[in-house]
Amino acid sequence: MYHLVWIPKYRKRVLRGPLAGRLYELLRQCAEMNGWHVEELNVQVDHVHLLVQLPPKEAVAHAMQLMKGGTSKVIRQEFPELEEFLWGDSLWADGYFAESVGQVTESRISQYIQNQ
């Protein structure tokens with residue numbers, strides 16, 4: 001179980017309205033296609049929180065590559081107005097935060113994500 005957090009480029013506050021709704025759909029689809037279990041998902045206007053269970057053979061870096069790469073491509077195609085704010089080929093900033101559940105209990109991380 002991992003708590004993952006990542007941000008749009010330049011921490012722009014663009015994750016709202018229909019774009020946020022579409023992002024929810026895409027992240028859940030990605031998890032379903034790869035056999036991951038999403039425990040919590042919260043899209044804020046300038047960052048995303050995800051509590052996800054990955055199989056032991058799945059590297060966190062690979063999961064993030066699939067989620068960020070896939071969502072970036074689709075979102076930028078479906079919302080071309082983002083080009084005005086986010087130059088280049090990516091929706092997301094480089095990097096992400098990842099923490100395995102263990103230091104803090106799963107229920108506390110779930111509460112934290114729900115209360116964002």
# chains A, B, ... in the order shown; residues from 1 in each chain; ligands from 1

$ closest_atom_pairs --of "stretch 6-60 of chain A" --to "stretch 88-109 of chain A" --cutoff "12 Å" --atoms "only C-alpha atoms" --output "CSV"
residue,atom,partner,partner_atom,distance
A:Trp6,CA,A:Tyr96,CA,4.7
A:Ile7,CA,A:Ala93,CA,5.9
A:Pro8,CA,A:Trp92,CA,4.1
A:Lys9,CA,A:Ala93,CA,4.1
A:Tyr10,CA,A:Ala93,CA,6.8
A:Arg11,CA,A:Ala93,CA,7.6
A:Lys12,CA,A:Leu91,CA,9.7
A:Arg13,CA,A:Leu91,CA,11.6
A:Val14,CA,A:Leu91,CA,9.8
A:Leu15,CA,A:Leu91,CA,10.3
A:Leu19,CA,A:Leu91,CA,11.7
A:Leu23,CA,A:Leu91,CA,11.4
A:Glu39,CA,A:Glu106,CA,9.3
A:Glu40,CA,A:Ile109,CA,8.9
A:Leu41,CA,A:Ile109,CA,11.1
A:Asn42,CA,A:Ile109,CA,11.7
A:Asp46,CA,A:Trp92,CA,10.4
A:His47,CA,A:Trp92,CA,9.5
A:Val48,CA,A:Tyr96,CA,9.9
A:His49,CA,A:Phe97,CA,9.4
A:Leu50,CA,A:Ala98,CA,9.6
A:Leu51,CA,A:Ile109,CA,7.7
A:Val52,CA,A:Ser100,CA,9.7
A:Gln53,CA,A:Ser100,CA,9.6
A:Leu54,CA,A:Ser100,CA,10.4
A:Pro56,CA,A:Ser100,CA,11.9
A:Ala59,CA,A:Ala98,CA,11.4
A:Val60,CA,A:Ala98,CA,7.9

$ select_by_dssp --residues "stretch 2-93 of chain A" --states "helix (DSSP H, G or I)" --output "VMD selection string"
chain A and resid 9 to 11 17 to 34 60 to 78 80 to 84

$ atom_distance --atom1 "atom CA of A:Asn115" --atom2 "atom CA of A:Gly70"
26.7 Å

$ closest_residue --among "A:Leu4, A:Met67, A:Ala61, A:Leu82" --to "A:Asn34" --atoms "only C-alpha atoms"
A:Met67

$ select_by_dssp --residues "chain A" --states "strand (DSSP E or B)" --output "list in words"
Tyr2, His3, Leu4, Val5, Trp6, Pro8, His37, Val38, Glu39, Glu40, Leu41, Asn42, Val43, Val48, His49, Leu50, Leu51, Val52, Gln53, Trp92, Phe97, Ala98, Glu99 and Ser100 of chain A

$ atom_distance --atom1 "atom CA of A:Met64" --atom2 "atom CA of A:Glu25"
16.0 Å

$ closest_residue --among "A:Trp36, A:Phe79, A:Trp87, A:Tyr112" --to "A:Leu66" --atoms "only C-alpha atoms"
A:Trp36

$ decode --residues "stretch 65-77 of chain A" --atoms "N, CA and C atoms" --output "CSV table (one decimal), in the first residue's frame"
chain,number,residue,atom,x,y,z
A,65,GLN,N,4.9,6.1,-13.7
A,65,GLN,CA,5.1,6.4,-15.1
A,65,GLN,C,3.9,6.1,-15.9
A,66,LEU,N,3.2,5.0,-15.6
A,66,LEU,CA,1.9,4.7,-16.3
A,66,LEU,C,0.8,5.7,-16.0
A,67,MET,N,0.7,6.0,-14.7
A,67,MET,CA,-0.4,7.0,-14.3
A,67,MET,C,-0.1,8.4,-14.8
A,68,LYS,N,1.1,8.9,-14.6
A,68,LYS,CA,1.3,10.3,-15.0
A,68,LYS,C,1.4,10.4,-16.6
A,69,GLY,N,2.1,9.4,-17.2
A,69,GLY,CA,2.2,9.5,-18.7
A,69,GLY,C,0.9,9.3,-19.4
A,70,GLY,N,0.1,8.3,-18.9
A,70,GLY,CA,-1.2,8.1,-19.6
A,70,GLY,C,-2.2,9.2,-19.4
A,71,THR,N,-2.3,9.7,-18.1
A,71,THR,CA,-3.2,10.8,-17.9
A,71,THR,C,-2.8,12.1,-18.6
A,72,SER,N,-1.5,12.3,-18.6
A,72,SER,CA,-1.0,13.6,-19.3
A,72,SER,C,-1.4,13.6,-20.7
A,73,LYS,N,-1.1,12.5,-21.4
A,73,LYS,CA,-1.4,12.4,-22.8
A,73,LYS,C,-2.9,12.6,-23.1
A,74,VAL,N,-3.8,11.9,-22.4
A,74,VAL,CA,-5.2,12.0,-22.6
A,74,VAL,C,-5.8,13.4,-22.2
A,75,ILE,N,-5.4,13.9,-21.1
A,75,ILE,CA,-5.9,15.2,-20.6
A,75,ILE,C,-5.4,16.3,-21.5
A,76,ARG,N,-4.2,16.3,-22.0
A,76,ARG,CA,-3.7,17.4,-22.9
A,76,ARG,C,-4.4,17.3,-24.3
A,77,GLN,N,-4.8,16.1,-24.7
A,77,GLN,CA,-5.6,16.0,-26.0
A,77,GLN,C,-7.0,16.5,-25.8
